[in-house]
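This is coords-v7.txt. It holds compact mmCIF, C-alpha atoms.
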# COMPACT_ATOMS: atom_id res chain seq x y z
CA MET A 146 178.78 77.45 168.20
CA LYS A 147 178.20 73.77 167.48
CA LEU A 148 177.58 74.59 163.80
CA THR A 149 180.78 76.60 163.49
CA PHE A 150 182.65 73.77 165.16
CA LEU A 151 181.45 71.35 162.45
CA ALA A 152 181.48 73.70 159.49
CA LEU A 153 185.14 74.69 159.77
CA PRO A 154 186.68 71.22 159.38
CA LEU A 155 184.15 70.39 156.66
CA ALA A 156 185.04 73.51 154.71
CA LEU A 157 188.73 72.70 155.11
CA VAL A 158 188.22 69.14 153.84
CA ALA A 159 186.23 70.46 150.86
CA PHE A 160 188.92 73.03 150.07
CA VAL A 161 191.80 70.55 150.27
CA GLY A 162 189.81 68.01 148.24
CA ALA A 163 189.06 70.52 145.52
CA ALA A 164 192.67 71.68 145.38
CA ARG A 165 193.85 68.12 145.02
CA LEU A 166 191.32 67.21 142.38
CA THR A 167 191.16 70.21 140.10
CA SER A 168 194.05 71.99 138.46
CA ALA A 169 193.99 75.52 137.09
CA ALA A 170 193.20 74.27 133.58
CA GLY A 171 190.15 72.44 134.87
CA TRP A 172 191.77 69.02 134.64
CA VAL A 173 191.02 66.59 137.33
CA ALA A 174 193.32 64.06 138.89
CA ALA A 175 191.85 61.38 141.09
CA ASP A 176 192.93 58.45 143.19
CA THR A 177 194.20 55.12 142.00
CA THR A 178 191.35 53.34 140.35
CA ASP A 179 190.18 49.85 139.56
CA TYR A 180 187.06 48.51 137.97
CA THR A 181 185.64 45.12 137.03
CA PHE A 182 183.35 45.16 134.01
CA ARG A 183 180.03 43.39 134.47
CA GLU A 184 179.99 42.59 130.77
CA LEU A 185 183.22 42.12 128.78
CA PRO A 186 183.87 45.22 126.68
CA LEU A 187 183.78 44.63 122.95
CA GLY A 188 187.37 43.99 121.82
CA SER A 189 188.77 43.31 125.29
CA MET A 190 189.73 39.72 124.46
CA GLY A 191 188.65 38.38 127.83
CA VAL A 192 190.16 41.14 129.97
CA LYS A 193 187.61 42.06 132.60
CA THR A 194 189.34 44.47 134.97
CA LEU A 195 191.33 47.66 134.68
CA SER A 196 193.92 46.17 137.02
CA GLU A 197 194.82 43.63 134.34
CA LEU A 198 195.98 46.58 132.25
CA ARG A 199 198.29 47.86 135.00
CA GLY A 200 201.63 48.80 133.46
CA LYS A 201 199.95 50.26 130.38
CA PRO A 202 198.40 53.74 130.10
CA ILE A 203 194.63 53.75 129.53
CA VAL A 204 192.65 56.41 127.68
CA ILE A 205 188.96 56.52 128.46
CA ASP A 206 186.80 58.31 125.92
CA PHE A 207 183.28 59.08 127.08
CA TRP A 208 181.24 59.62 123.95
CA GLY A 209 177.80 59.72 122.45
CA GLN A 210 176.47 59.66 118.93
CA HIS A 211 174.44 62.87 119.31
CA MET B 48 187.75 60.92 113.77
CA PRO B 49 187.96 61.11 117.56
CA ALA B 50 191.49 61.80 118.80
CA SER B 51 191.32 58.59 120.83
CA ILE B 52 191.09 56.45 117.68
CA LYS B 53 194.21 58.17 116.42
CA ILE B 54 195.91 57.51 119.77
CA GLN B 55 195.06 53.79 119.61
CA GLU B 56 196.36 53.56 116.07
CA GLN B 57 199.45 55.63 116.75
CA PHE B 58 200.58 53.92 119.98
CA GLY B 59 199.20 50.42 119.23
CA ASP B 60 199.54 47.86 122.02
CA ASP B 61 201.43 50.31 124.25
CA VAL B 62 198.16 52.00 125.18
CA GLN B 63 194.56 50.86 125.71
CA VAL B 64 191.73 53.11 124.60
CA ILE B 65 188.31 52.37 126.07
CA PHE B 66 185.27 54.02 124.50
CA VAL B 67 182.35 54.42 126.86
CA GLU B 68 179.00 55.15 125.25
CA CYS B 69 177.13 57.52 127.55
CA GLN B 70 173.83 58.32 125.84
CA ASN B 71 171.96 55.08 126.49
CA THR B 72 171.82 54.27 122.80
CA THR B 73 171.19 50.58 122.09
CA LYS B 74 174.27 48.44 121.52
CA ASP B 75 173.22 47.70 117.93
CA VAL B 76 173.04 51.41 117.15
CA TRP B 77 176.30 52.55 118.73
CA GLU B 78 178.23 49.58 117.39
CA ALA B 79 176.87 50.11 113.88
CA PHE B 80 177.61 53.83 114.20
CA ALA B 81 181.24 53.11 115.16
CA TRP B 82 181.64 50.82 112.15
CA LYS B 83 180.05 53.36 109.87
CA MET B 84 182.37 56.09 111.14
CA LYS B 85 185.36 53.78 110.39
CA TRP B 86 186.38 53.64 114.03
CA MET B 87 186.63 49.85 114.30
CA GLY B 88 189.44 47.41 113.67
CA ASN B 89 192.16 48.99 115.80
CA GLY B 90 192.27 47.31 119.23
CA ALA B 91 190.14 49.84 121.12
CA TRP B 92 187.54 48.54 123.58
CA TRP B 93 183.85 49.49 123.54
CA THR B 94 181.47 49.45 126.47
CA ILE B 95 178.62 51.30 128.15
CA GLU B 96 180.02 50.86 131.65
CA ARG B 97 181.89 53.82 133.13
CA PRO B 98 185.04 52.45 134.77
CA ILE B 99 185.53 55.84 136.43
CA PRO B 100 182.88 58.51 137.00
CA THR B 101 182.60 61.37 134.56
CA VAL B 102 183.48 64.79 135.96
CA GLY B 103 182.25 67.23 133.32
CA GLN B 104 178.85 68.53 132.38
CA GLY B 105 178.69 67.00 128.92
CA LEU B 106 180.40 65.04 126.17
CA PRO B 107 183.00 64.47 124.96
CA GLU B 108 185.15 63.80 127.96
CA THR B 109 188.50 62.05 128.08
CA ALA B 110 190.61 60.62 130.87
CA LEU B 111 194.14 59.31 131.05
CA ILE B 112 194.92 56.61 133.59
CA GLY B 113 198.62 56.16 134.26
CA ILE B 114 200.54 52.90 134.37
CA ASP B 115 200.01 52.62 138.13
CA GLY B 116 196.22 53.00 137.82
CA THR B 117 196.05 56.66 138.85
CA VAL B 118 193.80 59.04 136.93
CA LEU B 119 196.27 61.63 135.68
CA MET B 120 194.05 63.86 133.55
CA GLN B 121 190.32 64.07 133.01
CA GLY B 122 188.11 66.63 131.36
CA HIS B 123 187.10 68.05 128.01
CA PRO B 124 189.66 66.93 125.38
CA GLY B 125 189.79 70.45 123.98
CA ASP B 126 191.33 71.67 127.24
CA PHE B 127 194.35 69.41 126.98
CA GLY B 128 195.93 70.29 123.66
CA LYS B 129 199.21 68.51 123.06
CA LYS B 130 199.67 67.82 126.75
CA PHE B 131 197.44 64.76 126.60
CA GLU B 132 199.53 62.97 124.00
CA GLU B 133 202.73 64.06 125.71
CA ALA B 134 201.46 62.56 128.97
CA ILE B 135 200.65 59.28 127.17
CA ALA B 136 204.13 59.17 125.65
CA ALA B 137 205.65 59.82 129.09
CA GLU B 138 203.62 56.96 130.61
CA ILE B 139 204.68 54.61 127.82
CA LYS B 140 208.29 55.54 128.46
CA LYS B 141 207.79 54.80 132.16
CA SER B 142 206.19 51.46 131.28
CA LYS B 143 209.42 50.35 129.62
CA ALA B 144 211.52 51.13 132.68
CA ALA B 145 211.63 49.57 136.15
CA PRO B 146 208.73 50.60 138.42
CA ALA B 147 209.40 53.50 140.79
CA GLY B 148 211.12 52.36 143.95
CA THR B 149 212.76 49.28 142.38
CA PRO B 150 216.04 48.47 144.13
CA LYS B 151 219.01 49.38 141.94
CA GLY B 152 220.18 45.80 141.57
CA LEU B 153 216.84 44.79 140.03
CA GLU B 154 216.50 47.58 137.49
CA GLY B 155 218.24 45.46 134.85
CA ALA B 156 215.86 42.56 135.38
CA TRP B 157 212.84 44.84 134.99
CA LYS B 158 214.30 46.41 131.90
CA SER B 159 214.81 42.96 130.38
CA PHE B 160 211.27 41.93 131.29
CA ASN B 161 209.74 45.06 129.80
CA LYS B 162 211.80 44.57 126.64
CA GLY B 163 210.19 41.15 126.19
CA GLU B 164 213.08 39.12 127.61
CA ALA B 165 211.33 37.41 130.51
CA ALA B 166 213.69 34.42 130.63
CA ALA B 167 216.70 36.71 131.09
CA ALA B 168 214.83 38.72 133.73
CA ILE B 169 213.92 35.58 135.68
CA ALA B 170 217.47 34.20 135.39
CA GLU B 171 218.82 37.45 136.80
CA CYS B 172 216.40 37.29 139.75
CA GLU B 173 217.42 33.70 140.46
CA LYS B 174 221.07 34.69 140.38
CA LEU B 175 220.49 37.48 142.89
CA ASN B 176 218.33 35.22 145.09
CA SER B 177 217.24 37.89 147.55
CA ASP B 178 213.80 38.71 148.99
CA ASP B 179 213.42 41.56 146.51
CA SER B 180 214.56 39.52 143.52
CA ASN B 181 212.26 36.64 144.48
CA LYS B 182 209.36 39.09 144.69
CA ALA B 183 210.25 40.49 141.26
CA LYS B 184 210.47 36.97 139.84
CA ASP B 185 207.02 36.15 141.26
CA GLU B 186 205.66 39.31 139.64
CA PHE B 187 207.18 38.37 136.26
CA VAL B 188 205.74 34.86 136.42
CA ALA B 189 202.32 36.22 137.48
CA ARG B 190 202.24 38.62 134.55
CA LEU B 191 203.26 35.91 132.09
CA THR B 192 200.65 33.56 133.53
CA GLN B 193 198.02 36.25 133.06
CA ARG B 194 199.04 36.71 129.43
CA VAL B 195 198.81 32.98 128.83
CA ALA B 196 195.39 32.89 130.50
CA ARG B 197 194.26 35.54 128.03
CA THR B 198 195.39 33.40 125.08
CA GLN B 199 193.25 30.59 126.51
CA TRP B 200 190.20 32.88 126.39
CA MET B 201 191.07 33.83 122.81
CA ILE B 202 191.37 30.19 121.75
CA GLU B 203 188.08 29.27 123.40
CA ASN B 204 186.29 32.17 121.74
CA GLY B 205 187.67 31.82 118.23
CA PHE B 206 190.11 34.73 118.21
CA LEU B 207 192.89 32.53 116.95
CA SER B 208 194.95 35.15 115.10
CA ALA B 209 195.07 37.26 118.26
CA ALA B 210 195.95 34.17 120.32
CA ASP B 211 198.76 33.34 117.89
CA LYS B 212 200.14 36.87 118.09
CA ALA B 213 199.97 36.98 121.90
CA LEU B 214 201.44 33.52 122.26
CA SER B 215 204.31 34.27 119.87
CA ALA B 216 205.27 37.29 121.98
CA VAL B 217 205.28 35.24 125.21
CA GLU B 218 207.15 32.35 123.55
CA LYS B 219 209.86 34.71 122.39
CA SER B 220 210.03 36.25 125.83
CA VAL B 221 210.41 32.96 127.77
CA LYS B 222 212.86 31.32 125.38
CA GLY B 223 215.64 29.87 127.53
CA ASN B 224 213.43 29.16 130.56
CA ALA B 225 212.69 25.44 130.40
CA ASP B 226 209.60 25.48 132.69
CA LEU B 227 207.84 28.35 130.97
CA ALA B 228 208.88 27.22 127.48
CA ALA B 229 207.30 23.81 128.17
CA LYS B 230 204.02 25.48 129.18
CA MET B 231 204.12 27.55 126.01
CA ALA B 232 204.73 24.47 123.89
CA GLU B 233 201.60 22.94 125.40
CA LYS B 234 199.58 26.03 124.54
CA ARG B 235 201.07 26.14 121.04
CA ALA B 236 200.02 22.53 120.46
CA GLN B 237 196.49 23.39 121.58
CA LEU B 238 196.37 26.33 119.19
CA ALA B 239 197.70 24.23 116.30
CA SER B 240 195.29 21.33 116.86
CA LYS B 241 193.43 19.93 113.88
CA GLU B 242 190.10 20.54 115.59
CA LEU B 243 190.66 24.27 115.25
CA ASP B 244 191.44 24.21 111.51
CA ALA B 245 188.07 25.62 110.42
CA GLU B 246 188.06 28.22 113.18
CA ARG B 247 191.61 29.25 112.28
CA ASP B 248 190.72 29.69 108.59
CA ALA B 249 187.55 31.57 109.49
CA ASP B 250 189.31 33.96 111.84
CA LYS B 251 192.06 34.56 109.29
CA ALA B 252 189.43 35.39 106.68
CA LEU B 253 187.63 37.71 109.10
CA GLN B 254 190.84 39.54 110.00
CA SER B 255 191.58 40.04 106.34
CA PHE B 256 188.01 41.23 105.76
CA VAL B 257 188.17 43.74 108.63
CA GLY B 258 191.54 44.97 107.38
CA ASP B 259 190.03 45.55 103.95
CA VAL B 260 186.80 47.27 104.96
CA ALA B 261 187.26 49.00 108.35
CA LYS B 262 188.77 52.16 106.92
CA LYS B 263 186.72 52.25 103.73
CA LYS B 264 182.95 52.07 103.63
CA PRO B 265 182.30 49.01 105.79
CA PHE B 266 178.59 48.74 105.13
CA GLU B 267 178.63 49.10 101.35
CA MET B 268 176.71 46.26 99.73
CA PRO B 269 179.73 44.36 98.28
CA ASN B 270 181.29 44.28 101.76
CA VAL B 271 178.09 43.08 103.37
CA LYS B 272 177.74 40.39 100.68
CA ARG B 273 181.32 39.32 101.30
CA ALA B 274 180.63 39.04 105.05
CA GLU B 275 177.49 37.01 104.31
CA GLY B 276 179.49 34.70 102.06
CA LEU B 277 182.18 34.19 104.69
CA ALA B 278 179.58 33.52 107.39
CA GLU B 279 178.06 30.86 105.15
CA LYS B 280 181.43 29.37 104.21
CA PHE B 281 182.53 29.09 107.84
CA LYS B 282 179.13 28.18 109.24
CA SER B 283 179.17 26.68 112.74
CA THR B 284 182.42 28.42 113.71
CA LYS B 285 182.54 31.11 116.40
CA THR B 286 183.86 33.50 113.79
CA SER B 287 180.70 33.07 111.70
CA VAL B 288 178.73 34.54 114.61
CA ARG B 289 180.90 37.68 114.42
CA LEU B 290 180.41 37.86 110.67
CA GLU B 291 176.64 37.50 111.05
CA ARG B 292 176.76 40.27 113.63
CA PHE B 293 178.50 42.53 111.10
CA VAL B 294 175.77 41.79 108.55
CA LYS B 295 173.08 42.55 111.15
CA LEU B 296 174.77 45.83 112.09
CA SER B 297 174.91 46.90 108.44
CA LYS B 298 171.10 46.91 108.45
CA VAL B 299 170.64 48.96 111.62
CA ASP B 300 168.77 52.25 111.31
CA LEU B 301 171.10 54.70 113.01
CA ASN B 302 168.38 57.26 113.54
CA LYS B 303 166.48 55.06 115.96
What is this structure when it is put down as structure tokens?
Amino acid sequence: MKLTFLALPLALVAFVGAARLTSAAGWVAADTTDYTFRELPLGSMGVKTLSELRGKPIVIDFWGQH
Amino acid sequence: MPASIKIQEQFGDDVQVIFVECQNTTKDVWEAFAWKMKWMGNGAWWTIERPIPTVGQGLPETALIGIDGTVLMQGHPGDFGKKFEEAIAAEIKKSKAAPAGTPKGLEGAWKSFNKGEAAAAIAECEKLNSDDSNKAKDEFVARLTQRVARTQWMIENGFLSAADKALSAVEKSVKGNADLAAKMAEKRAQLASKELDAERDADKALQSFVGDVAKKKPFEMPNVKRAEGLAEKFKSTKTSVRLERFVKLSKVDLNK
């Protein structure tokens, strides 16, 4: 009984979360984000946080050589 | 060529591409690899830090963050097709307009500001003199101050061509506003100081060098020799350190 009581809201939260985050095409939309780089990215000309880019779209490309 | 390089080159300063290396390769190797692949020299950023978590099972993965900082799309680039570029173009269009929720009377001021006419935008806010217009004015001044702070970093670190370009844009934008124009004049004097002559020449030479080699074969011997020569010529400048770095990268074994 106790388990059912807990499992139902948890399942509902998981369902709503998944619906919000993943579209039919597998794209994911998330919440507003911010990040402060520990080390200045190469080419950033002294800009250390994503919030300093607010007002400009940002493309993040996760890549690897192999 | 990764689509993101094309995006950076196509949309220029209206968009910021950030490449995040995810395979724990050493910095020397991935930086040399990017040069070798002719991906450098276009304003993109390079890092190993993930500003947002990845969501997929493997690489490549791309994300688009909108002008308000919200992640709009994220996943395998092959899943997006044209929609990714269309979404970027839509965000750029939004970035030129007033932010959502701006009171009607202030839309003109925002439009002026986003067009690069900050003095006119500030004058309009002062004319309106309301709580909302004062808030908008504060926001404009804060953004300009941030841009000026960035030029200071560029000057201190030897990126004088970039500082000149950024400063010129702000100068043009604040023309007609005595307070801000005076601050710009101060910064312009700093940038033009005699002490920076060697650094200015060095950076100009480096920019010209990058423009010449980035899209060809950067690490071919004549290019490396040219970089070595420039590093020697402008020894003891900050730019010479960047030139020496290029020479070092040209010798990196990419298979390590």
Can you build me a table of chain A residues sitting at most 9 Å from chain B, with the closest atom pair per residue and its distance in Å to one decimal, using only C-alpha atoms, sorted by chain and residue number, as a tab-separated table?
residue	atom	partner	partner_atom	distance
A:Ala170	CA	B:Asp126	CA	7.1
A:Gly171	CA	B:Gly122	CA	7.1
A:Trp172	CA	B:Gln121	CA	5.4
A:Val173	CA	B:Gln121	CA	5.1
A:Ala174	CA	B:Leu119	CA	5.0
A:Ala175	CA	B:Val118	CA	5.2
A:Asp176	CA	B:Thr117	CA	5.6
A:Thr177	CA	B:Thr117	CA	4.0
A:Thr178	CA	B:Gly116	CA	5.5
A:Asp179	CA	B:Gly116	CA	7.0
A:Tyr180	CA	B:Pro98	CA	5.5
A:Thr181	CA	B:Pro98	CA	7.7
A:Phe182	CA	B:Glu96	CA	7.0
A:Arg183	CA	B:Glu96	CA	8.0
A:Glu184	CA	B:Thr94	CA	8.2
A:Leu185	CA	B:Thr94	CA	7.9
A:Pro186	CA	B:Thr94	CA	4.9
A:Leu187	CA	B:Trp93	CA	4.9
A:Gly188	CA	B:Trp92	CA	4.9
A:Ser189	CA	B:Trp92	CA	5.6
A:Met190	CA	B:Met201	CA	6.3
A:Gly191	CA	B:Trp200	CA	5.9
A:Val192	CA	B:Arg197	CA	7.2
A:Leu195	CA	B:Gly116	CA	7.9
A:Ser196	CA	B:Gly116	CA	7.3
A:Glu197	CA	B:Gln193	CA	8.1
A:Leu198	CA	B:Gln63	CA	7.9
A:Arg199	CA	B:Ile114	CA	5.6
A:Gly200	CA	B:Ile114	CA	4.3
A:Lys201	CA	B:Ile114	CA	4.8
A:Pro202	CA	B:Gly113	CA	4.8
A:Ile203	CA	B:Gln63	CA	4.8
A:Val204	CA	B:Val64	CA	4.6
A:Ile205	CA	B:Ile65	CA	4.8
A:Asp206	CA	B:Thr109	CA	4.6
A:Phe207	CA	B:Val67	CA	4.8
A:Trp208	CA	B:Glu68	CA	5.2
A:Gly209	CA	B:Gln70	CA	5.4
A:Gln210	CA	B:Trp77	CA	7.1
A:His211	CA	B:Gln70	CA	8.0
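Atom pair CA of Lys295 in chain B / CA of Phe266 in chain B has a distance of 10.2 Å (rounded to one decimal).
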Please report the interatomic distance between CA of Glu164 in chain B and CA of Arg247 in chain B in Å with one decimal. 28.2 Å
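One distance worth recording is that between CA of Glu233 in chain B and CA of Asp185 in chain B, which is 21.3 Å.
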Using only C-alpha atoms, determine which residues lie at most 9 Å from Cys172 in chain B, disregarding the query and same-chain residues fewer than 2 positions distant; provide the list as a ChimeraX atom specification. /B:153,156,167-170,174-177,179-184
Within 10 Å of Ala245 in chain B using all atoms listed in the file, minus same-chain residues under 3 positions, as JSON, numbers by chain: {"B": [205, 241, 242, 248, 249, 250, 251, 280, 281, 282, 283, 284, 285, 286]}
